[in-house]
file model14.cif (mmCIF, C-alpha atoms)
data_final
loop_
_atom_site.label_atom_id
_atom_site.label_comp_id
_atom_site.auth_asym_id
_atom_site.auth_seq_id
_atom_site.Cartn_x
_atom_site.Cartn_y
_atom_site.Cartn_z
CA MET A 1 4.04 35.44 -35.85
CA TRP A 2 7.24 35.83 -33.83
CA ILE A 3 5.17 36.82 -30.82
CA ALA A 4 3.16 33.61 -31.16
CA ILE A 5 6.34 31.53 -31.45
CA GLY A 6 7.79 33.28 -28.40
CA ILE A 7 4.66 32.59 -26.37
CA ALA A 8 4.74 28.95 -27.48
CA ILE A 9 8.39 28.59 -26.42
CA ILE A 10 7.67 30.16 -23.02
CA PHE A 11 4.70 27.80 -22.60
CA LEU A 12 6.83 24.74 -23.37
CA VAL A 13 9.56 25.84 -20.95
CA VAL A 14 6.99 26.42 -18.18
CA LEU A 15 5.37 23.06 -18.95
CA TYR A 16 8.73 21.27 -18.78
CA PHE A 17 9.70 22.75 -15.44
CA SER A 18 6.22 22.26 -13.99
CA LYS A 19 6.49 18.57 -14.88
CA ARG A 20 9.89 18.37 -13.20
CA ILE A 21 8.52 20.08 -10.07
CA ASN A 22 5.64 17.60 -10.04
CA THR A 23 8.19 14.78 -10.25
CA TYR A 24 10.07 16.16 -7.25
CA THR A 25 6.91 16.41 -5.18
CA LEU A 26 5.73 12.96 -6.29
CA ILE A 27 8.90 11.19 -5.22
CA ALA A 28 8.99 13.17 -1.96
CA ARG A 29 5.34 12.35 -1.27
CA ASN A 30 5.56 8.65 -2.05
CA THR A 31 8.82 8.11 -0.18
CA THR A 32 7.38 9.88 2.87
CA TYR A 33 4.21 7.81 2.82
CA ILE A 34 6.23 4.59 2.51
CA TYR A 35 8.53 5.69 5.35
CA GLU A 36 5.51 6.36 7.59
CA ILE A 37 3.93 2.98 6.75
CA LEU A 38 7.18 1.15 7.49
CA SER A 39 7.87 3.00 10.75
CA THR A 40 4.28 2.42 11.94
CA ASP A 41 3.45 -1.10 10.76
CA PHE A 42 6.88 -2.74 10.45
CA LYS A 43 9.00 -0.95 13.07
CA ASP A 44 10.21 -4.25 14.57
CA LYS A 45 11.87 -5.13 11.25
CA PHE A 46 14.50 -2.38 11.32
CA PRO A 47 17.59 -2.48 13.51
CA ASN A 48 18.28 1.22 12.88
CA GLU A 49 17.03 4.36 11.14
CA ASP A 50 19.46 4.01 8.23
CA ILE A 51 17.91 0.71 7.13
CA LEU A 52 14.41 2.13 7.55
CA MET A 53 15.20 5.08 5.27
CA ALA A 54 16.98 2.89 2.72
CA THR A 55 14.01 0.51 2.60
CA SER A 56 11.59 3.36 1.91
CA GLY A 57 13.85 4.45 -0.94
CA VAL A 58 14.12 0.96 -2.41
CA ILE A 59 10.35 0.51 -2.40
CA ASP A 60 9.72 3.88 -4.05
CA ALA A 61 12.42 3.25 -6.67
CA LEU A 62 11.52 -0.45 -7.03
CA LYS A 63 11.03 -0.17 -10.79
CA TYR A 64 14.67 0.88 -11.23
CA VAL A 65 15.99 -1.59 -8.65
CA MET A 66 14.20 -4.51 -10.32
CA GLU A 67 15.53 -3.58 -13.77
CA GLY A 68 19.07 -3.25 -12.38
CA SER A 69 19.68 0.42 -13.14
CA LEU A 70 19.71 1.21 -9.41
CA THR A 71 21.00 -1.03 -6.62
CA VAL A 72 20.24 -1.41 -2.93
CA ASP A 73 23.82 -0.33 -2.25
CA ASP A 74 23.33 2.89 -4.25
CA ILE A 75 20.39 3.81 -2.03
CA ALA A 76 22.14 2.74 1.19
CA ILE A 77 25.10 4.96 0.28
CA GLY A 78 22.60 7.74 -0.35
CA VAL A 79 21.42 7.44 3.27
CA ARG A 80 24.96 7.86 4.59
CA THR A 81 25.66 10.74 2.19
CA SER A 82 22.54 12.57 3.31
CA GLN A 83 23.71 12.52 6.91
CA CYS A 84 26.68 14.58 5.82
CA GLY A 85 24.40 17.20 4.31
CA LYS A 86 25.53 16.46 0.77
CA LEU A 87 24.23 15.27 -2.56
CA SER A 88 26.58 12.88 -4.31
CA LEU A 89 26.45 11.45 -7.82
CA ASN A 90 29.23 9.85 -9.87
CA LEU A 91 31.99 11.21 -7.59
CA ILE A 92 30.54 14.74 -7.74
CA ASN A 93 29.49 16.21 -4.37
CA LEU A 94 27.30 19.22 -3.63
CA ASP A 95 26.68 20.73 -0.22
CA ILE A 96 22.94 21.15 0.37
CA THR A 97 22.93 22.61 3.88
CA ASN A 98 23.35 26.27 2.84
CA ASN A 99 25.20 26.49 6.13
CA PRO A 100 28.02 24.04 7.00
CA SER A 101 26.87 23.66 10.63
CA TYR A 102 23.11 23.85 9.96
CA HIS A 103 22.36 20.13 10.02
CA PHE A 104 24.06 19.80 13.41
CA LEU A 105 22.03 22.60 14.98
CA VAL A 106 18.57 21.99 13.57
CA ARG A 107 15.85 21.12 16.07
CA GLN A 108 14.45 18.23 14.00
CA PRO A 109 17.48 16.32 12.70
CA ASP A 110 15.33 13.30 11.79
CA ILE A 111 13.25 15.46 9.43
CA LEU A 112 16.33 17.14 8.00
CA TYR A 113 18.23 13.93 7.32
CA PHE A 114 15.13 12.47 5.69
CA VAL A 115 14.83 15.58 3.49
CA TYR A 116 18.43 15.16 2.42
CA PHE A 117 17.84 11.47 1.72
CA VAL A 118 14.79 12.21 -0.43
CA MET A 119 16.86 14.75 -2.36
CA GLN A 120 19.53 12.09 -2.83
CA LEU A 121 16.90 9.65 -4.13
CA GLU A 122 15.55 12.36 -6.43
CA ALA A 123 19.02 12.86 -7.87
CA LEU A 124 19.58 9.13 -8.43
CA ILE A 125 16.24 8.61 -10.19
CA PHE A 126 16.50 11.87 -12.17
CA HIS A 127 19.94 10.88 -13.48
CA ILE A 128 18.87 7.35 -14.42
CA ALA A 129 15.67 8.49 -16.12
CA THR A 130 17.12 11.43 -18.07
CA ARG A 131 20.90 10.87 -18.34
CA VAL A 132 21.38 14.57 -17.64
CA PRO A 133 24.99 15.23 -16.47
CA PRO A 134 25.40 14.69 -12.71
CA GLU A 135 26.41 18.27 -11.91
CA HIS A 136 23.22 19.59 -13.54
CA VAL A 137 21.09 17.01 -11.73
CA LEU A 138 22.52 17.91 -8.35
CA SER A 139 22.05 21.63 -8.92
CA ALA A 140 18.45 21.11 -10.08
CA VAL A 141 17.56 19.02 -7.03
CA LYS A 142 19.18 21.51 -4.65
CA ALA A 143 17.14 24.29 -6.27
CA LYS A 144 13.94 22.40 -5.39
CA LYS A 145 14.88 21.83 -1.76
CA ARG A 146 12.18 24.15 -0.40
CA ILE A 147 9.47 22.44 -2.46
CA ILE A 148 10.64 19.01 -1.31
CA VAL A 149 10.68 20.05 2.37
CA LYS A 150 7.14 21.42 2.13
CA GLU A 151 5.88 18.25 0.43
CA ILE A 152 7.44 15.98 3.05
CA LYS A 153 5.92 17.96 5.93
CA ARG A 154 2.54 18.14 4.18
CA THR A 155 2.56 14.38 3.55
CA LYS A 156 3.36 13.58 7.17
CA ILE A 157 0.33 15.62 8.24
CA LYS A 158 -1.85 13.87 5.64
CA TYR A 159 -0.68 10.47 6.87
CA LYS A 160 -1.57 11.26 10.48
CA ALA A 161 -4.99 12.51 9.42
CA ASN A 162 -6.02 10.03 6.73
CA ASP A 163 -3.46 7.19 6.58
CA ALA A 164 -1.59 6.39 3.34
CA PRO A 165 -3.09 5.83 -0.15
CA LEU A 166 -4.12 2.20 -0.46
CA LEU A 167 -1.97 1.47 -3.51
CA LEU A 168 1.14 2.57 -1.62
CA LYS A 169 0.12 0.43 1.36
CA LYS A 170 -0.48 -2.54 -0.91
CA ASN A 171 2.91 -2.16 -2.61
CA THR A 172 4.70 -1.63 0.71
CA TYR A 173 3.10 -4.69 2.32
CA SER A 174 3.86 -6.72 -0.78
CA PHE A 175 7.55 -5.79 -0.59
CA MET A 176 7.75 -6.56 3.13
CA ASN A 177 5.90 -9.90 2.93
CA ASP A 178 6.16 -11.50 -0.51
CA GLU A 179 8.80 -14.14 -1.15
CA VAL A 180 9.79 -12.54 -4.47
CA PHE A 181 11.42 -9.65 -2.56
CA ALA A 182 13.17 -11.79 0.08
CA GLY A 183 16.58 -11.26 -1.54
CA LEU A 184 16.23 -7.48 -1.50
CA ARG A 185 15.09 -7.55 2.13
CA ASP A 186 18.20 -9.58 2.99
CA GLU A 187 20.41 -7.07 1.17
CA LEU A 188 18.87 -4.24 3.16
CA GLY A 189 19.49 -6.08 6.45
CA LEU A 190 15.90 -6.29 7.65
CA ILE A 191 15.30 -8.36 10.78
CA ASN A 192 13.77 -11.72 9.95
CA ASN A 193 11.53 -12.50 12.92
CA GLU A 194 8.79 -14.04 10.80
CA ASP A 195 9.05 -17.44 12.49
CA ASP A 196 7.94 -16.13 15.90
CA ILE A 197 5.16 -14.02 14.40
CA THR A 198 3.97 -16.80 12.16
CA ALA A 199 3.87 -19.28 15.05
CA GLN A 200 1.81 -16.88 17.15
CA ASP A 201 -0.54 -16.06 14.28
CA LEU A 202 -1.02 -19.71 13.39
CA GLU A 203 -1.80 -20.57 16.99
CA GLU A 204 -4.47 -17.85 17.13
CA ALA A 205 -5.88 -18.91 13.76
CA LYS A 206 -6.04 -22.54 14.91
CA GLN A 207 -7.82 -21.40 18.05
CA ALA A 208 -10.34 -19.49 15.95
CA ILE A 209 -11.04 -22.44 13.66
CA ALA A 210 -11.28 -24.88 16.57
CA SER A 211 -13.53 -22.62 18.66
CA ARG A 212 -15.60 -20.92 15.97
CA GLY A 213 -15.06 -22.85 12.78
CA GLN A 214 -18.46 -21.77 11.51
CA HIS A 215 -17.40 -18.10 11.40
CA TYR A 216 -14.03 -18.70 9.75
CA ILE A 217 -15.03 -21.44 7.30
CA PHE A 218 -18.15 -19.60 6.12
CA VAL A 219 -16.05 -16.67 4.84
CA HIS A 220 -12.63 -18.06 4.00
CA GLN A 221 -13.71 -21.32 2.42
CA VAL A 222 -17.38 -21.78 1.59
CA LEU A 223 -18.47 -18.31 0.45
CA ARG A 224 -15.13 -17.68 -1.25
CA ASP A 225 -15.09 -20.99 -3.13
CA LEU A 226 -18.72 -20.79 -4.21
CA PHE A 227 -18.18 -17.30 -5.61
CA PHE A 228 -15.08 -18.19 -7.61
CA GLU A 229 -16.58 -21.46 -8.88
CA MET A 230 -19.89 -19.99 -10.05
CA PRO A 231 -19.78 -16.19 -9.79
CA ASP A 232 -22.81 -15.44 -11.96
CA GLN A 233 -25.06 -17.76 -9.97
CA ILE A 234 -23.85 -16.43 -6.60
CA ILE A 235 -24.36 -12.83 -7.72
CA ASN A 236 -27.88 -13.70 -8.88
CA ILE A 237 -28.64 -15.17 -5.46
CA VAL A 238 -27.21 -12.36 -3.33
CA THR A 239 -28.83 -9.65 -5.45
CA SER A 240 -32.28 -11.25 -5.30
CA LYS A 241 -35.03 -10.58 -2.77
CA GLY A 242 -34.20 -13.78 -0.90
CA ALA A 243 -30.51 -12.90 -0.43
CA LYS A 244 -30.59 -12.75 3.37
CA GLU A 245 -32.45 -16.03 3.67
CA ALA A 246 -29.99 -17.70 1.30
CA LEU A 247 -27.00 -16.47 3.32
CA LEU A 248 -28.59 -17.55 6.59
CA ASP A 249 -29.28 -20.99 5.16
CA LEU A 250 -25.64 -21.28 4.06
CA TRP A 251 -24.48 -20.06 7.48
CA HIS A 252 -26.50 -22.75 9.28
CA ARG A 253 -25.37 -25.44 6.85
CA VAL A 254 -21.74 -24.61 7.66
CA GLY A 255 -22.58 -24.67 11.37
CA ASN A 256 -24.07 -28.16 11.01
CA GLU A 257 -20.88 -29.42 9.36
CA VAL A 258 -18.33 -28.18 11.91
CA GLU A 259 -17.64 -29.87 15.22
CA GLU A 260 -18.42 -27.21 17.79
CA THR A 261 -21.00 -26.95 20.51
CA ASP A 262 -21.20 -23.14 20.72
CA LEU A 263 -22.40 -22.06 17.28
CA THR A 264 -22.24 -18.36 16.43
CA LEU A 265 -25.60 -16.61 16.32
CA SER A 266 -26.53 -15.24 12.92
CA ASN A 267 -28.42 -12.17 14.15
CA ASP A 268 -25.87 -9.73 12.71
CA LEU A 269 -25.47 -11.45 9.33
CA TYR A 270 -26.82 -9.44 6.42
CA CYS A 271 -25.83 -8.06 3.04
CA GLU A 272 -26.41 -5.11 0.74
CA VAL A 273 -25.75 -4.52 -2.95
CA ARG A 274 -24.14 -1.46 -4.50
CA THR A 275 -23.48 -0.71 -8.15
CA LEU A 276 -20.40 1.15 -9.36
CA TYR A 277 -19.29 2.57 -12.68
CA ASP A 278 -18.53 0.23 -15.58
CA ASP A 279 -21.20 -2.32 -14.54
CA ILE A 280 -19.34 -3.33 -11.37
CA ILE A 281 -21.49 -4.89 -8.64
CA VAL A 282 -20.27 -4.89 -5.03
CA VAL A 283 -22.03 -7.12 -2.51
CA LEU A 284 -21.19 -6.11 1.07
CA VAL A 285 -21.68 -8.85 3.67
CA THR A 286 -21.66 -7.96 7.36
CA LEU A 287 -20.68 -10.83 9.66
CA PRO A 288 -21.41 -11.46 13.34
CA ILE A 289 -18.83 -9.60 15.42
CA PRO A 290 -15.49 -11.46 15.14
CA LYS A 291 -13.91 -12.79 18.28
CA PHE A 292 -10.65 -14.36 17.11
CA MET A 293 -7.88 -13.35 14.72
CA CYS A 294 -8.62 -14.00 11.01
CA GLU A 295 -12.38 -13.88 11.50
CA ALA A 296 -14.06 -11.27 9.32
CA TYR A 297 -15.94 -8.08 10.05
CA TYR A 298 -17.03 -7.61 6.44
CA VAL A 299 -16.75 -9.24 3.02
CA ALA A 300 -16.91 -7.43 -0.32
CA ILE A 301 -17.78 -9.58 -3.33
CA VAL A 302 -16.89 -7.63 -6.47
CA HIS A 303 -18.25 -8.79 -9.82
CA ARG A 304 -18.48 -7.47 -13.33
CA PRO A 305 -19.87 -9.83 -15.98
CA TYR A 306 -17.94 -10.19 -19.19
CA SER A 307 -19.34 -8.13 -22.06
CA THR A 308 -18.23 -6.73 -25.39
CA LYS A 309 -17.49 -3.47 -23.57
CA TYR A 310 -15.73 -4.69 -20.41
CA GLU A 311 -13.60 -7.57 -19.22
CA GLY A 312 -15.08 -9.75 -16.51
CA MET A 313 -14.04 -9.19 -12.89
CA ASN A 314 -14.30 -11.45 -9.84
CA ARG A 315 -12.64 -10.26 -6.61
CA PHE A 316 -13.17 -11.24 -2.99
CA PHE A 317 -12.12 -8.84 -0.20
CA VAL A 318 -12.22 -9.41 3.55
CA LEU A 319 -11.71 -7.08 6.50
CA GLU A 320 -10.13 -9.35 9.09
CA LYS A 321 -9.67 -9.05 12.82
CA SER A 322 -6.00 -8.88 13.77
CA SER A 323 -4.29 -9.52 17.11
CA GLU A 324 -5.83 -7.91 20.18
CA GLY A 325 -5.40 -4.14 20.23
CA SER A 326 -4.29 -3.91 16.59
CA LEU A 327 -6.07 -2.42 13.59
CA PRO A 328 -8.10 -4.71 11.29
CA PHE A 329 -6.44 -5.83 8.05
CA LEU A 330 -7.82 -5.49 4.55
CA CYS A 331 -7.12 -8.72 2.66
CA GLU A 332 -7.98 -10.26 -0.67
CA TRP A 333 -8.45 -13.88 -1.68
CA HIS A 334 -7.38 -14.57 -5.25
CA GLN A 335 -9.01 -17.26 -7.35
CA ALA A 336 -5.79 -19.31 -7.39
CA GLY A 337 -5.93 -19.52 -3.59
CA HIS A 338 -3.42 -16.78 -2.73
CA HIS A 339 -4.27 -14.64 0.31
CA ALA A 340 -2.92 -11.08 0.06
CA ASN A 341 -2.64 -8.76 3.07
CA MET A 342 -2.95 -5.10 2.03
CA GLY A 343 -2.36 -3.64 5.45
CA PRO A 344 -4.47 -2.15 8.25
CA ILE A 345 -7.25 0.39 7.89
CA ARG A 346 -7.98 2.84 10.65
CA ARG A 347 -11.74 3.27 10.68
CA LEU A 348 -13.74 0.13 11.38
CA THR A 349 -16.91 1.00 9.46
CA ILE A 350 -18.55 -0.60 6.46
CA GLU A 351 -18.42 2.73 4.61
CA ASN A 352 -14.67 3.00 5.05
CA PHE A 353 -14.25 -0.64 4.01
CA PHE A 354 -16.34 0.03 0.91
CA GLU A 355 -14.27 3.12 0.04
CA GLU A 356 -11.01 1.18 0.37
CA VAL A 357 -12.32 -1.61 -1.88
CA CYS A 358 -13.49 0.93 -4.47
CA SER A 359 -10.06 2.56 -4.53
CA ILE A 360 -8.53 -0.84 -5.36
CA VAL A 361 -10.91 -1.99 -8.07
CA GLN A 362 -10.91 1.29 -9.98
CA PRO A 363 -8.14 1.61 -12.57
CA VAL A 364 -5.05 3.33 -11.13
CA ASN A 365 -2.12 4.71 -13.12
CA ILE A 366 1.08 3.79 -11.28
CA ASN A 367 2.55 7.16 -12.23
CA THR A 368 -0.15 9.21 -10.48
CA ASP A 369 -0.09 10.66 -6.98
CA ASN A 370 -0.87 7.23 -5.50
CA GLY A 371 1.81 5.32 -7.32
CA PHE A 372 5.53 4.65 -7.53
CA GLY A 373 8.10 5.99 -9.90
CA MET A 374 8.40 9.26 -11.72
#
call {"tool": "encode", "arguments": {"input": "model14.cif", "output": "structure tokens"}}
result
Amino acid sequence: MWIAIGIAIIFLVVLYFSKRINTYTLIARNTTYIYEILSTDFKDKFPNEDILMATSGVIDALKYVMEGSLTVDDIAIGVRTSQCGKLSLNLINLDITNNPSYHFLVRQPDILYFVYFVMQLEALIFHIATRVPPEHVLSAVKAKKRIIVKEIKRTKIKYKANDAPLLLKKNTYSFMNDEVFAGLRDELGLINNEDDITAQDLEEAKQAIASRGQHYIFVHQVLRDLFFEMPDQIINIVTSKGAKEALLDLWHRVGNEVEETDLTLSNDLYCEVRTLYDDIIVVLVTLPIPKFMCEAYYVAIVHRPYSTKYEGMNRFFVLEKSSEGSLPFLCEWHQAGHHANMGPIRRLTIENFFEEVCSIVQPVNINTDNGFGM
């Protein structure tokens, strides 16, 4: 009996520490992904590296920042503390260099400072979530330094090879663009050059609508509105044998309504239907090759009828052409008329578009590898 109890105790201790190690790697992984997204897609927003690192920390710890248990200033101070090679919490400091001059001699100071910052963020979140005494928190985080370093390096390699998980991209783009986070962006000191960008984007969008209104209006107004107004009927049409003919008829009707002399040929317009788990239907529409910004490469109409087993689902995704030389953007139109930009995707294929859409519509736990928090 005592042997069984002893084994059970050992098992619980191992389980506890394995969970804590997973927490360390999760925060390191997510913060690294967010940092890479920001430095790649929003590099013009940051006047210096300190603000870039602090922003990645704020986004990863957004749950705690929004509830008020962690502030932007706490995280900004963490950036400065990390550059001294220390962990600091409630006036308690702990050297994490293992060698007082190490962080001045290392060949990759940017990696090292980021490692220290992630450790600082780990300590802040660990303390808030558990209320363990600061000195114990700092010692625990320092003990996991090697694990954290490995996870950061591994994540950077993964990002270069496969981009970031879509949920992290969506949350990062939401923080950088949505009005609800404007106050936090101001606190961080991000550069607000939205006026120039917006003016340029609007000019290109106006050019697209004026030159090829048929292409833009077909996707962003007519097809979208018809789907949200009568989803069951539209799904019945696009899943029937006459789906292509129905789409072509709609395409030409839009062309007859717009004032343009050079109508876009419909040769490349077609659709296919795929069925997912839980009765989800995805209709993939391929458009004629886009020429201007905001025109679409592909549309994904996602529908699940309401039943006693599942809630209904109606979602409308678009892969849009961006400015010349830039990656296409995955966007979603919401029924209320809101247009959400989820960030660029690297491979311009319908299969990759389909995979990205599937990763959004499937249920995701925010505390998993693809989410925020602990």
call {"tool": "atom_distance", "arguments": {"input": "model14.cif", "atom1": "atom CA of A:Leu70", "atom2": "atom CA of A:Ile125"}}
result
8.2 Å
call {"tool": "residues_near_point", "arguments": {"input": "model14.cif", "point": "(7.5, -7.1, -1.1)", "cutoff": "12 Å", "atoms": "all atoms listed in the file", "output": "ChimeraX atom specification"}}
result
/A:38,55-56,58-60,62,66,168-186,340-342
call {"tool": "write_last_selection", "arguments": {"input": "model14.cif", "atoms": "C-alpha atoms", "output": "compact mmCIF listing (two decimals), in the frame of the given file"}}
result
# COMPACT_ATOMS: atom_id res chain seq x y z
CA LEU A 38 7.18 1.15 7.49
CA THR A 55 14.01 0.51 2.60
CA SER A 56 11.59 3.36 1.91
CA VAL A 58 14.12 0.96 -2.41
CA ILE A 59 10.35 0.51 -2.40
CA ASP A 60 9.72 3.88 -4.05
CA LEU A 62 11.52 -0.45 -7.03
CA MET A 66 14.20 -4.51 -10.32
CA LEU A 168 1.14 2.57 -1.62
CA LYS A 169 0.12 0.43 1.36
CA LYS A 170 -0.48 -2.54 -0.91
CA ASN A 171 2.91 -2.16 -2.61
CA THR A 172 4.70 -1.63 0.71
CA TYR A 173 3.10 -4.69 2.32
CA SER A 174 3.86 -6.72 -0.78
CA PHE A 175 7.55 -5.79 -0.59
CA MET A 176 7.75 -6.56 3.13
CA ASN A 177 5.90 -9.90 2.93
CA ASP A 178 6.16 -11.50 -0.51
CA GLU A 179 8.80 -14.14 -1.15
CA VAL A 180 9.79 -12.54 -4.47
CA PHE A 181 11.42 -9.65 -2.56
CA ALA A 182 13.17 -11.79 0.08
CA GLY A 183 16.58 -11.26 -1.54
CA LEU A 184 16.23 -7.48 -1.50
CA ARG A 185 15.09 -7.55 2.13
CA ASP A 186 18.20 -9.58 2.99
CA ALA A 340 -2.92 -11.08 0.06
CA ASN A 341 -2.64 -8.76 3.07
CA MET A 342 -2.95 -5.10 2.03
call {"tool": "resolve_selection", "arguments": {"input": "model14.cif", "expression": "the PyMOL selection byres ((chain A and resi 232) around 12)", "output": "PyMOL selection string"}}
result
chain A and resi 226-231+233-239+281+301-306+312-314
call {"tool": "closest_residue", "arguments": {"input": "model14.cif", "among": "A:Ser240, A:Glu320, A:Pro133, A:Leu276", "to": "A:Lys291", "atoms": "all atoms listed in the file"}}
result
A:Glu320
call {"tool": "atom_distance", "arguments": {"input": "model14.cif", "atom1": "atom CA of A:Val318", "atom2": "atom CA of A:Asn192"}}
result
26.9 Å
call {"tool": "atom_distance", "arguments": {"input": "model14.cif", "atom1": "atom CA of A:Ser88", "atom2": "atom CA of A:Leu138"}}
result
7.6 Å
